[in-house]
Amino acid sequence: MKEIDDIGDNHIGTSFDTPLRDDAFDLDDKSKIEAIKKDVASIMQTLGLDLNDDSLSGTPNRVAKMFVKEIFGGLHPDNKPNASTFDNKYKYGEMLVEKNITLYSTCEHHLLPIVGRAHVAYISKGKVIGLSKMNRIVDYFAKRPQVQERLTIQVVRELQKALGTDDVACVIDAKHLCVNSRGIRDIESSTVTSEFGGAFKEDKVRREFLDYIKLDTQF
């Protein structure tokens, strides 16, 4: 038990793929909501809360719907965005960067929010992807219990697969409320992770990407 607690308290992930059981999707969403609603009600009752109070009576159902339909919606493969690509007919051969992608995720160790920004880039090898698809891919993998390192890698691997190139990079800068609001309660710290593939492993290319991230492009 101590080893398990140490892994969680130190925010260490144990696998590249999100840990899922083989029967993860045997229940439909409605059944999952009903089951989670009962579990949330049990937790609240154990804490001594009065579920007959008007303010609390609907909380179990709201939390269950939020878990299944919103913050953990990225667990279900049916919600995976269609990463449609197109031929690079205009022969754009430079780096494309989508920066400051808003990111909301959930720490898998304490089920508390992770809030930050993702910066994603790629160099086309003949295919391009719609800009909004990059945001949607980040959002899809973020909407599940996560560790930031895994999320960063998953975004890069998915774009590499869609674009048919290793030349993809991702940097995430995020605050973890499991650090900011509990435990050490350091509200100033944030966590930065990166994954560089293909050409982005070269110092010059990596530096160009990081310089783009620092550009002041607020309008």
# chains A, B, ... in the order shown; residues from 1 in each chain; ligands from 1
call {"tool": "residues_around", "arguments": {"residues": "segment 16-32 of chain A", "least_positions_apart": "2", "cutoff": "8 Å", "atoms": "only C-alpha atoms", "output": "CSV table (one decimal) with N, CA and C atoms, in the first residue's frame"}}
result
chain,number,residue,atom,x,y,z
A,14,THR,N,2.5,4.7,-14.8
A,14,THR,CA,3.1,3.4,-14.8
A,14,THR,C,2.9,2.8,-16.2
A,34,GLU,N,-25.8,5.7,-13.9
A,34,GLU,CA,-26.6,5.2,-12.8
A,34,GLU,C,-25.7,4.6,-11.7
A,35,ALA,N,-24.7,3.9,-12.1
A,35,ALA,CA,-23.8,3.2,-11.1
A,35,ALA,C,-23.0,4.3,-10.4
A,36,ILE,N,-22.4,5.2,-11.1
A,36,ILE,CA,-21.6,6.2,-10.5
A,36,ILE,C,-22.4,7.1,-9.5
A,64,ALA,N,-22.0,12.3,-11.7
A,64,ALA,CA,-22.0,11.1,-12.6
A,64,ALA,C,-22.0,11.5,-14.1
A,68,VAL,N,-18.9,10.9,-16.9
A,68,VAL,CA,-19.1,10.0,-18.1
A,68,VAL,C,-19.1,10.9,-19.4
A,69,LYS,N,-19.9,12.0,-19.4
A,69,LYS,CA,-20.1,12.8,-20.6
A,69,LYS,C,-19.1,13.9,-20.9
A,76,HIS,N,-13.7,6.9,-24.0
A,76,HIS,CA,-14.4,6.1,-24.9
A,76,HIS,C,-13.9,6.3,-26.4
A,145,PRO,N,-8.6,10.4,-16.9
A,145,PRO,CA,-7.6,10.4,-15.8
A,145,PRO,C,-6.2,10.3,-16.5
A,146,GLN,N,-5.3,11.3,-16.1
A,146,GLN,CA,-4.1,11.4,-16.8
A,146,GLN,C,-2.9,11.6,-15.9
A,150,ARG,N,2.3,11.1,-20.0
A,150,ARG,CA,1.6,10.3,-20.9
A,150,ARG,C,0.7,11.1,-21.9
A,153,ILE,N,2.9,12.5,-24.7
A,153,ILE,CA,3.3,11.4,-25.6
A,153,ILE,C,2.1,11.0,-26.5
A,154,GLN,N,1.0,10.8,-25.9
A,154,GLN,CA,-0.2,10.4,-26.7
A,154,GLN,C,-0.6,11.4,-27.8
call {"tool": "residues_around", "arguments": {"residues": "Arg117 of chain A", "least_positions_apart": "2", "cutoff": "9 Å", "atoms": "only C-alpha atoms", "output": "list in words"}}
result
Lys99, Asn100, Ile101, Thr102, Leu103, Tyr104, Val115, His119, Val171, Ile172, Asp173 and Ala174 of chain A
call {"tool": "residues_around", "arguments": {"residues": "Val147 of chain A", "least_positions_apart": "3", "cutoff": "12 Å", "atoms": "only C-alpha atoms", "output": "PyMOL selection string"}}
result
chain A and resi 7-8+10-19+105-114+141-144+150-154+172+174-176+178+191-193
call {"tool": "atom_distance", "arguments": {"atom1": "atom CA of Leu51 of chain A", "atom2": "atom CA of Val63 of chain A"}}
result
13.7 Å
call {"tool": "residues_around", "arguments": {"residues": "Asn88 of chain A", "least_positions_apart": "6", "cutoff": "6 Å", "atoms": "only C-alpha atoms", "output": "PyMOL selection string"}}
result
chain A and resi 126-128
call {"tool": "select_by_dssp", "arguments": {"residues": "chain A", "states": "helix (DSSP H, G or I)", "output": "number ranges by chain"}}
result
A: 2-9, 29-46, 59-71, 73-75, 77-79, 131-142, 148-163, 177-180, 198-201, 203-214
call {"tool": "closest_residue", "arguments": {"among": "A:Ala41, A:Leu215, A:Ala118, A:Ile123", "to": "Asn135 of chain A", "atoms": "only C-alpha atoms"}}
result
A:Ala118
call {"tool": "closest_residue", "arguments": {"among": "A:Tyr140, A:Gly197, A:Asp216, A:Asp211", "to": "Pro77 of chain A", "atoms": "only C-alpha atoms"}}
result
A:Tyr140
call {"tool": "atom_distance", "arguments": {"atom1": "atom CA of Ser57 of chain A", "atom2": "atom CA of Ile43 of chain A"}}
result
13.2 Å
call {"tool": "select_by_dssp", "arguments": {"residues": "segment 33-177 of chain A", "states": "strand (DSSP E or B)", "output": "PyMOL selection string"}}
result
chain A and resi 85-87+95-107+113-123+127-129+145-146+168-176
call {"tool": "residues_around", "arguments": {"residues": "Asp87 of chain A", "least_positions_apart": "4", "cutoff": "12 Å", "atoms": "only C-alpha atoms", "output": "number ranges by chain"}}
result
A: 91-92, 124-130, 163-164
call {"tool": "closest_residue", "arguments": {"among": "A:Asn61, A:Ser189, A:Asn79, A:Ser194", "to": "Val156 of chain A", "atoms": "only C-alpha atoms"}}
result
A:Ser194
call {"tool": "closest_residue", "arguments": {"among": "A:Val155, A:Val168, A:Lys214, A:Asp78", "to": "Asp139 of chain A", "atoms": "only C-alpha atoms"}}
result
A:Val155
